[in-house]
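Participant: Before anything else, here's the structure in question.
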Amino acid sequence: LAENAPKSFNVDLQDLSTEDWYLLPPARDFLAEIDTRRFDMLSYSLTSENAEDVSVFRRKDRRTLALYPSVAKLAARGRFYTDDVLRDYDVVDYNVEAYIDPRRRTLRGRTRLSIRVRATSLSTLRLRLSESFAVSGVTSVEYGRLLYLRIRSQHAILVNLPQSVQQDSDLTLIVTYGGDVSTQELDTDTVTVSPDPQDQPGLSDTREPSLLLSNRSYWYPQNPVPDYATASLRIVVPSGYTCLASGHPAPAVEPALFQDARGARDGLAYDFHANQPLRYLALVVSRLVRVGEAKVHIDNQTDPGSGVDSIALAVSAHSSLRGRAREAAKEAEAILQFYSSLMGDAPYTSASVALLENDLPGGHSPGYFAIINTPASTVTATPWRGDPAAFESFPEFFLAHELAHQWWGQAIGWKNYHEQWISEGFAQYFAALFAQKALGERVFVDMLRQLRKWSIAESDQGPVHLGSRLGHVKSEPRVFRALVYNKAAGVLHMLRGLLGDEVFFRGLRRFYMDRRYQKAGTEDFERVMEAESGRVLDRFFERWIYGSSIPRVRYQTTIGERDVRVRFEQTGNLVFDLPVTVTLTYADGRIVNVTVPVTEMEVERSIPIDDVVRRVQINLDGAALAEFDEL
């Protein structure tokens with residue numbers, strides 16, 4: 001339709017031309033605008049360069065309603081794929097200089113990208129940069145000033161090279177830009193309040209403003225298909241503000257002139273160096289008070305040559321949260337120590353934590369730092385008790401979850417959006433493991449039960465492998481957290497129950513070291529666990545990650561003089577692999593838990609006993625993500 005025609009393939013030539021110009025789409029690509037009664041105007045597209053080439057998009061709210069590979073694309077790429085196949089070049093290193101005014105929400109930046117060409121031949125390259133920025137120049141060390149075009153509504157720049165650059169060639173681009181920025185909101189990373197407006201907390205007008213620029217802000221020019229790169233950042237902010245960013249902070253903050261519309265005034269320059277590679281760069285600017293520092297030493301390193309033998313921890317907070325931040329500093333040190341002991345390694349040399357006052361709890365964890373949104377003590381938790389990420393018995397949950405992302409999500413990324421459980425599910429499970437260590441078995445079991453509750457409640461919405469598309473169409477982030485966070489964590493616990501602690505944690509460490517500073521997928525994790533256990537795990541992952549069914553199991557127990565006999569029968573046509581905890585309560589009060597692997601349609605097990613057993617309970621800890629019925 002005429003009103004939508006300018007919205008696709010439209011190029012902004014800025015001062016070169018006032019007319020509308022368009023890119024010519026590749027041969028055999030297709031775009032159609034469809035006017036529907038139920039969904040308004042929809043855009044149907046077939047885009048051959050995408051791994052999932054068929055999409056249905058609603059323009060009015062920029063929402064993808066359907067996304068999948070065509071038959072031809074699926075045949076060409078196979079079931080598993082990585083976004084990396086779409087990448088024409090690698091960015092090896094970023095050097096970013098930015099002047100940021102958090103009050104006016106403006107940024108002026110200059111970024112140098114060190115590039116290695118991957119394509120056979122490259123004459124045009126695409127950069128991702130927020131469309132709110134005006135680009136004042138793109139230059140190359142090799143070729144001088146370059147012609148560039150902005151593609152409207154796609155956060156994209158096309159840079160034309162004067163000649164084709166061959167594979168494995170090096171190229172250095174320098175991009176200068178500036179404009180308005182908006183803080184990145186935490187949506188899937190924060191709890192969702194009750195739909196009843198009377199139950200929702202009021203906004204805190206007095207809280208300190210904060211500006212978060214991260215993976216969805218496109219605040220610096222970057223590869224549209226990001227990969228790991230080292231980086232150096234110099235961020236200049238007005239005096240009185242603090243900046244945390246991706247990279248190890250330089251020892252001292254330097255005075256600097258801050259230039260804005262009112263001229264030069266006092267500012268502070270913060271320098272960060274990321275020698276360990278990062279998936280993306282991020283920063284947060286706010287008025288923060290430093291409340292604690294510590295050095296976390298790493299024992300039993302898996303790779304002594306990695307160079308990361310300690311983590312420099314620093315905790316800052318809004319002034320209203322200083323008391324809570326002092327507690328968080330001790331908790332963060334214990335969490336980092338625990339995770340590094342489990343993995344025998346730490347991915348980054350520093351971890352800065354910032355507690356920011358916010359009405360809803362949540363967090364975000366780029367490489368090298370984490371922010372924790374923290375409600376004031378006067379805000380009630382009642383509105384978010386119905387959220388999958390609300391663990392009332394574990395108030396340190398968000399801190400533990402976000403710090404786990406330094407290993408899972410950052411050091412190991414995901415190959416495509418289907419594999420987000422490699423980040424969120426692993427971080428969720430590691431948070432539960434820390435709760436078990438710090439707060440005891442009761443809290444751990446409470447968390448397992450909640451993982452099971454949400455898995456059963458929402459599994460009909462789709463498989464874990466659907467990733468960010470879970471709950472996307474209906475704007476229901478609880479579905480995403482219920483499955484990609486909670487169900488995935490429950491799946492890891494079941495895998496541990498089937499393989500045993502020694503094999504499971506040895507496999508985790510091997511997976512981490514094999515894929516550190518790389519992207520990974522379910523098939524990579526499965527191969528490692530099969531190698532460590534000597535077992536074929538195809539059915540386990542097929543049912544629990546790629547499937548959406550929840551098994552129903554009937555059971556029968558018989559207490560004898562010398563043993564307890566248990567019998568399990570899976571109903572339905574599918575056989576699941578799940579470890580079931582059988583809890584025996586003896587007459588003298590002793591409680592013994594026995595794990596029974598249920599890996600066939602019918603399983604019988606005799607459990608020896610040494611005294612009178614009064615009661616037998618099935619799945620009391622909620623470790624098996626199944627529904628049980630007694631025969």
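Order determines the names: the first chain of the structure tokens is A, the second B, and so forth; residues in each chain are numbered 1 upward, and ligands are numbered 1 upward as they are shown.
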Please return as a PyMOL selection string: the residues of region 253-472 of chain A that backbone DSSP assigns to strand (DSSP E).

Facilitator: chain A and resi 254-260+263-278+283-286+289-297+310-317+350-357+362-364+369-374+412-414

Participant: Using DSSP assignments from the backbone, pull out every residue in region 478-591 of chain A that falls under alpha helix (DSSP H) and give it to me as a PyMOL selection string.

Facilitator: chain A and resi 478-480+488-499+501-515+522-533+538-544

Participant: Between A:Tyr241, A:Phe30, A:Tyr44, A:Phe391, which residue has the minimum interatomic distance to Val284 (chain A), considering only C-alpha atoms?

Facilitator: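 Checking each of A:Tyr241, A:Phe30, A:Tyr44, A:Phe391 against Val284 (chain A), counting only C-alpha atoms, the winner is A:Tyr241.
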
Participant: Give me the residues near Val443 (chain A) as a list in words, where near means some atom within 7 Å (using only C-alpha atoms) and where sequence neighbours in that chain fewer than 6 positions away do not count.

Facilitator: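 Neighbouring residues, sequence-local ones excluded: Ser393, Ala435 and Gln436 of chain A.
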
Participant: Near Thr183 (chain A), within 8 Å and counting only C-alpha atoms, which residues show up once chain neighbours fewer than 2 positions away are dropped, as a compact mmCIF listing (two decimals) with all heavy atoms, in the first residue's frame?

Facilitator:
```txt
# COMPACT_ATOMS: atom_id res chain seq x y z
N VAL A 181 19.63 9.85 23.45
CA VAL A 181 19.62 8.45 23.87
C VAL A 181 18.52 8.25 24.91
O VAL A 181 18.13 9.20 25.61
CB VAL A 181 20.98 8.01 24.46
CG1 VAL A 181 22.04 7.96 23.40
CG2 VAL A 181 21.40 8.90 25.61
N GLU A 185 15.27 -0.10 29.10
CA GLU A 185 14.41 -0.62 30.15
C GLU A 185 14.65 -2.11 30.33
O GLU A 185 14.97 -2.83 29.38
CB GLU A 185 12.94 -0.38 29.81
CG GLU A 185 12.56 1.09 29.68
CD GLU A 185 12.71 1.87 30.98
OE1 GLU A 185 12.63 1.22 32.06
OE2 GLU A 185 12.88 3.09 30.93
N SER A 210 19.00 7.36 36.24
CA SER A 210 20.09 6.52 35.75
C SER A 210 19.93 6.34 34.26
O SER A 210 18.81 6.28 33.73
CB SER A 210 20.09 5.16 36.45
OG SER A 210 20.21 5.30 37.84
N LEU A 211 21.05 6.22 33.58
CA LEU A 211 21.04 6.01 32.13
C LEU A 211 21.78 4.71 31.84
O LEU A 211 22.99 4.61 32.07
CB LEU A 211 21.72 7.17 31.42
CG LEU A 211 21.81 7.07 29.89
CD1 LEU A 211 20.42 7.04 29.27
CD2 LEU A 211 22.62 8.24 29.32
N LEU A 212 21.05 3.70 31.37
CA LEU A 212 21.64 2.42 31.00
C LEU A 212 21.65 2.31 29.48
O LEU A 212 20.62 2.44 28.82
CB LEU A 212 20.82 1.27 31.59
CG LEU A 212 21.18 -0.14 31.08
CD1 LEU A 212 22.61 -0.52 31.50
CD2 LEU A 212 20.18 -1.18 31.58
N LEU A 213 22.83 2.10 28.92
CA LEU A 213 23.00 1.86 27.49
C LEU A 213 23.63 0.48 27.35
O LEU A 213 24.75 0.26 27.81
CB LEU A 213 23.89 2.93 26.85
CG LEU A 213 23.42 4.37 27.04
CD1 LEU A 213 24.41 5.34 26.40
CD2 LEU A 213 22.03 4.57 26.44
N SER A 217 20.42 -0.91 22.99
CA SER A 217 20.46 0.54 22.79
C SER A 217 21.15 0.93 21.50
O SER A 217 20.91 2.03 20.97
CB SER A 217 21.19 1.21 23.97
OG SER A 217 20.55 0.94 25.18
```

Participant: Just want the 9 Å neighbourhood of region 312-314 of chain A, counted on only C-alpha atoms, with same-chain residues fewer than 3 positions away dropped. Output as a PyMOL selection string.

Facilitator: chain A and resi 248+290-297+329+332-333+336+349-354

Participant: Once you count only C-alpha atoms, what closest atom pair and distance in Å to one decimal does each residue of region 197-295 of chain A within 12 Å of region 141-165 of chain A have, with rows by chain and rising residue number, as a Markdown table?

Facilitator:
```
| residue | atom | partner | partner_atom | distance |
| --- | --- | --- | --- | --- |
| A:Arg216 | CA | A:His155 | CA | 10.6 |
| A:Ser217 | CA | A:His155 | CA | 9.8 |
| A:Tyr218 | CA | A:His155 | CA | 7.6 |
| A:Trp219 | CA | A:His155 | CA | 10.1 |
| A:Tyr220 | CA | A:His155 | CA | 10.9 |
| A:Pro221 | CA | A:Ile157 | CA | 8.8 |
| A:Gln222 | CA | A:Ala156 | CA | 9.6 |
| A:Asn223 | CA | A:Ala156 | CA | 10.0 |
| A:Pro224 | CA | A:Ala156 | CA | 8.3 |
```

Participant: Go through A:Ser468, A:Gln166, A:Gln450, A:Ser423 one by one, measure the shortest atom-to-atom distance of each to Arg118 (chain A) using only C-alpha atoms, and give the residue with the smallest value.

Facilitator: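 Using only C-alpha atoms, the shortest distance to Arg118 (chain A) belongs to A:Gln166.
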
Participant: Would you mind reading off the distance between CA of Asp299 (chain A) and CA of Leu342 (chain A), one decimal, in Å?

Facilitator: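 One can read the CA of Asp299 (chain A) to CA of Leu342 (chain A) distance as 9.8 Å.
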